[in-house]
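Have a look at final.cif; it's mmCIF, C-alpha atoms, pLDDT in the B column; chains and numbers go by the auth columns:
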data_structure
#
loop_
_atom_site.group_PDB
_atom_site.id
_atom_site.type_symbol
_atom_site.label_atom_id
_atom_site.label_comp_id
_atom_site.label_asym_id
_atom_site.label_seq_id
_atom_site.Cartn_x
_atom_site.Cartn_y
_atom_site.Cartn_z
_atom_site.B_iso_or_equiv
_atom_site.auth_seq_id
_atom_site.auth_asym_id
ATOM 1 C CA MET A 1 131.251 92.565 87.183 73.00 33 A
ATOM 2 C CA ASP A 2 131.595 96.016 88.722 83.00 34 A
ATOM 3 C CA ILE A 3 129.149 97.511 91.232 86.00 35 A
ATOM 4 C CA THR A 4 127.313 99.770 88.740 86.00 36 A
ATOM 5 C CA THR A 5 126.641 96.888 86.361 85.00 37 A
ATOM 6 C CA TRP A 6 125.404 94.801 89.275 82.00 38 A
ATOM 7 C CA LEU A 7 123.148 97.587 90.583 81.00 39 A
ATOM 8 C CA LEU A 8 121.661 98.369 87.162 83.00 40 A
ATOM 9 C CA GLN A 9 121.100 94.759 86.088 83.00 41 A
ATOM 10 C CA ASP A 10 117.441 93.934 85.314 79.00 42 A
ATOM 11 C CA ILE A 11 115.760 91.631 87.808 72.00 43 A
ATOM 12 C CA THR A 12 112.717 89.532 86.990 69.00 44 A
ATOM 13 C CA ILE A 13 110.432 88.825 89.920 62.00 45 A
ATOM 14 C CA THR A 14 107.950 85.984 89.595 63.00 46 A
ATOM 15 C CA ARG A 15 105.127 85.207 91.956 60.00 47 A
ATOM 16 C CA SER A 16 104.253 81.816 93.289 61.00 48 A
ATOM 17 C CA PHE A 17 101.495 80.509 95.540 56.00 49 A
ATOM 18 C CA GLN A 18 103.463 81.500 98.653 61.00 50 A
ATOM 19 C CA THR A 19 103.494 85.105 97.440 64.00 51 A
ATOM 20 C CA GLN A 20 99.708 85.057 97.173 74.00 52 A
ATOM 21 C CA ILE A 21 99.547 83.891 100.806 84.00 53 A
ATOM 22 C CA PHE A 22 101.473 87.051 101.690 82.00 54 A
ATOM 23 C CA TYR A 23 98.612 89.141 100.303 82.00 55 A
ATOM 24 C CA LEU A 24 96.121 87.218 102.448 88.00 56 A
ATOM 25 C CA PHE A 25 98.362 87.857 105.453 91.00 57 A
ATOM 26 C CA MET A 26 98.360 91.568 104.610 90.00 58 A
ATOM 27 C CA LEU A 27 94.558 91.555 104.634 92.00 59 A
ATOM 28 C CA PHE A 28 94.538 90.137 108.166 95.00 60 A
ATOM 29 C CA PHE A 29 97.337 92.517 109.195 95.00 61 A
ATOM 30 C CA THR A 30 95.251 95.438 107.929 94.00 62 A
ATOM 31 C CA ILE A 31 92.266 94.274 109.977 95.00 63 A
ATOM 32 C CA PHE A 32 94.548 93.886 113.023 97.00 64 A
ATOM 33 C CA ALA A 33 95.938 97.412 112.552 96.00 65 A
ATOM 34 C CA LEU A 34 92.435 98.888 112.399 95.00 66 A
ATOM 35 C CA TRP A 35 91.388 96.920 115.485 96.00 67 A
ATOM 36 C CA LEU A 36 94.491 98.136 117.327 96.00 68 A
ATOM 37 C CA SER A 37 93.785 101.735 116.374 95.00 69 A
ATOM 38 C CA ARG A 38 90.244 101.401 117.753 95.00 70 A
ATOM 39 C CA LYS A 39 91.512 99.824 120.965 94.00 71 A
ATOM 40 C CA TYR A 40 93.983 102.640 121.618 94.00 72 A
ATOM 41 C CA ARG A 41 91.458 105.321 120.567 94.00 73 A
ATOM 42 C CA LEU A 42 93.617 106.499 117.655 94.00 74 A
ATOM 43 C CA PHE A 43 91.257 105.534 114.852 94.00 75 A
ATOM 44 C CA LYS A 44 90.942 108.940 113.138 94.00 76 A
ATOM 45 C CA PHE A 45 94.668 109.596 113.411 95.00 77 A
ATOM 46 C CA SER A 46 95.386 106.114 112.064 95.00 78 A
ATOM 47 C CA LEU A 47 93.061 106.681 109.116 95.00 79 A
ATOM 48 C CA LEU A 48 95.034 109.824 108.297 95.00 80 A
ATOM 49 C CA LEU A 49 98.317 107.862 108.405 95.00 81 A
ATOM 50 C CA TRP A 50 96.769 105.088 106.348 95.00 82 A
ATOM 51 C CA PHE A 51 95.436 107.507 103.734 95.00 83 A
ATOM 52 C CA GLY A 52 98.838 109.167 103.388 95.00 84 A
ATOM 53 C CA ALA A 53 100.657 105.847 103.027 95.00 85 A
ATOM 54 C CA ALA A 54 98.030 104.553 100.594 94.00 86 A
ATOM 55 C CA LEU A 55 98.328 107.685 98.463 95.00 87 A
ATOM 56 C CA ILE A 56 102.117 107.321 98.277 94.00 88 A
ATOM 57 C CA GLY A 57 101.718 103.608 97.540 91.00 89 A
ATOM 58 C CA LEU A 58 99.125 104.299 94.845 92.00 90 A
ATOM 59 C CA ILE A 59 101.374 106.801 93.092 93.00 91 A
ATOM 60 C CA TRP A 60 104.251 104.308 93.284 89.00 92 A
ATOM 61 C CA GLU A 61 102.190 101.386 91.975 85.00 93 A
ATOM 62 C CA ILE A 62 100.775 103.479 89.116 88.00 94 A
ATOM 63 C CA ALA A 63 104.287 104.606 88.168 89.00 95 A
ATOM 64 C CA LEU A 64 105.547 101.010 88.159 85.00 96 A
ATOM 65 C CA PHE A 65 102.550 99.681 86.244 83.00 97 A
ATOM 66 C CA SER A 66 102.495 102.441 83.651 86.00 98 A
ATOM 67 C CA THR A 67 106.206 102.033 82.860 87.00 99 A
ATOM 68 C CA GLY A 68 105.850 98.265 82.513 81.00 100 A
ATOM 69 C CA LEU A 69 107.955 97.441 85.567 77.00 101 A
ATOM 70 C CA ARG A 70 105.023 95.872 87.458 77.00 102 A
ATOM 71 C CA HIS A 71 102.745 93.141 86.175 73.00 103 A
ATOM 72 C CA TYR A 72 99.731 91.814 88.033 73.00 104 A
ATOM 73 C CA SER A 73 98.340 88.288 88.062 71.00 105 A
ATOM 74 C CA PHE A 74 94.628 89.055 88.357 71.00 106 A
ATOM 75 C CA LEU A 75 92.461 92.091 87.625 75.00 107 A
ATOM 76 C CA SER A 76 95.118 94.797 87.278 77.00 108 A
ATOM 77 C CA ALA A 77 93.223 97.806 88.654 82.00 109 A
ATOM 78 C CA ALA A 78 91.941 95.914 91.703 83.00 110 A
ATOM 79 C CA GLU A 79 95.338 94.421 92.485 82.00 111 A
ATOM 80 C CA LEU A 80 97.020 97.808 92.066 83.00 112 A
ATOM 81 C CA ILE A 81 94.629 99.395 94.576 87.00 113 A
ATOM 82 C CA TYR A 82 94.968 96.423 96.956 87.00 114 A
ATOM 83 C CA HIS A 83 98.758 96.814 96.924 84.00 115 A
ATOM 84 C CA ALA A 84 98.490 100.516 97.649 87.00 116 A
ATOM 85 C CA ILE A 85 96.045 100.038 100.523 90.00 117 A
ATOM 86 C CA THR A 86 97.655 97.110 102.332 90.00 118 A
ATOM 87 C CA GLU A 87 101.391 97.564 101.918 89.00 119 A
ATOM 88 C CA GLY A 88 102.314 100.755 103.782 90.00 120 A
ATOM 89 C CA GLY A 89 99.468 101.938 105.969 93.00 121 A
ATOM 90 C CA PRO A 90 98.877 99.020 108.348 95.00 122 A
ATOM 91 C CA GLY A 91 102.564 98.726 109.251 94.00 123 A
ATOM 92 C CA LEU A 92 102.751 102.477 109.809 95.00 124 A
ATOM 93 C CA ILE A 93 99.709 102.330 112.111 96.00 125 A
ATOM 94 C CA VAL A 94 101.108 99.461 114.193 96.00 126 A
ATOM 95 C CA MET A 95 104.557 101.072 114.355 96.00 127 A
ATOM 96 C CA THR A 96 103.101 104.429 115.457 96.00 128 A
ATOM 97 C CA ILE A 97 100.957 102.866 118.170 96.00 129 A
ATOM 98 C CA PHE A 98 103.952 100.841 119.376 96.00 130 A
ATOM 99 C CA ALA A 99 106.126 103.986 119.469 96.00 131 A
ATOM 100 C CA ASP A 100 103.444 105.714 121.539 95.00 132 A
ATOM 101 C CA LYS A 101 103.149 102.716 123.866 94.00 133 A
ATOM 102 C CA VAL A 102 106.897 102.525 124.602 96.00 134 A
ATOM 103 C CA GLY A 103 107.201 106.300 125.028 94.00 135 A
ATOM 104 C CA LEU A 104 109.119 107.297 121.896 96.00 136 A
ATOM 105 C CA ILE A 105 106.325 109.670 120.883 95.00 137 A
ATOM 106 C CA ASN A 106 103.289 111.086 122.670 95.00 138 A
ATOM 107 C CA LEU A 107 99.985 110.798 120.819 94.00 139 A
ATOM 108 C CA SER A 108 97.733 111.685 123.748 92.00 140 A
ATOM 109 C CA GLU A 109 96.411 114.829 122.069 93.00 141 A
ATOM 110 C CA TYR A 110 95.326 112.771 119.029 93.00 142 A
ATOM 111 C CA LYS A 111 93.334 110.201 121.015 92.00 143 A
ATOM 112 C CA GLU A 112 89.585 110.265 120.747 91.00 144 A
ATOM 113 C CA GLU A 113 87.455 110.764 123.809 86.00 145 A
ATOM 114 C CA ALA A 114 86.298 107.599 125.516 78.00 146 A
ATOM 115 C CA ARG A 115 82.637 106.864 124.910 73.00 147 A
ATOM 116 C CA LYS A 116 80.435 107.356 127.931 72.00 148 A
ATOM 117 C CA ARG A 117 77.410 105.161 128.387 72.00 149 A
ATOM 118 C CA GLU A 118 74.182 106.916 129.040 72.00 150 A
ATOM 119 C CA SER A 119 71.915 105.232 131.553 62.00 151 A
#

Step by step, read the file and then write its structure as structure tokens.
Amino acid sequence: MDITTWLLQDITITRSFQTQIFYLFMLFFTIFALWLSRKYRLFKFSLLLWFGAALIGLIWEIALFSTGLRHYSFLSAAELIYHAITEGGPGLIVMTIFADKVGLINLSEYKEEARKRES
């Protein structure tokens, strides 16, 4: 078998119970990413990153679903949106905050003002 035949060979992906646990993990990872963005006062910036990643993910999932390359186990529209929301954005948020924390990038101008308590 040559490399082009190997690369273009159809692959069937099946989901098992362990795969469904991954989606539960992604829910908790999404909550963690939002909590982290609040803690580091980058919530609005993180929402922008999340929206961009979700939009790209949504376009990708719709393209896969409409061409028959993606099949969902449950309610198709809800699962498609869930994939788009949880797959790219939370990891991008955590990675961006980590890059800011270790000094690879500087997000200080995107941080929200700290809330001041009025007495």

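Considering only C-alpha atoms, the residue among A:Leu59, A:Gly120, A:Trp67, A:Lys148 positioned nearest to Phe83 in chain A is A:Gly120.
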
Q) Could you spell out the hits of the PyMOL selection byres ((chain A and resi 75) around 12) on the shown file, as a PyMOL selection string? A) chain A and resi 65-74+76-82+122+125-126+128-129+139+142-146

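Taking only C-alpha atoms into account, Ala85 in chain A lies nearest to A:Gly121 out of the set A:Ser98, A:Ala109, A:Val134, A:Gly121.
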
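Between CA of Ile88 in chain A and CA of Leu101 in chain A there is a distance of 17.1 Å.
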
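Between CA of Ile63 in chain A and CA of Tyr104 in chain A there is a distance of 23.3 Å.
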
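Here CA of Tyr114 in chain A is placed at a distance of 20.4 Å from CA of Met127 in chain A.
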
Q: Using all atoms listed in the file, find the one residue out of A:Met33, A:Gln52, A:Ile43, A:Lys133 that sits nearest to Ser105 in chain A.
A: A:Gln52

Q) For the point (92.5, 102.0, 98.8) in file coordinates, what residues are within 9 Å, counting all atoms listed in the file? Give the answer as a VMD selection string? A) chain A and resid 83 86 to 87 90 113 to 118

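The nearest approach to Thr62 in chain A among the residues A:Ile137, A:Ile35, A:Ala110, A:Leu124, with only C-alpha atoms taken into account, belongs to A:Leu124.
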
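Each of A:Arg149, A:Thr99, A:Ile94, A:Ala131 was checked against Glu111 in chain A using all atoms listed in the file; the smallest atom-to-atom distance is that of A:Ile94.
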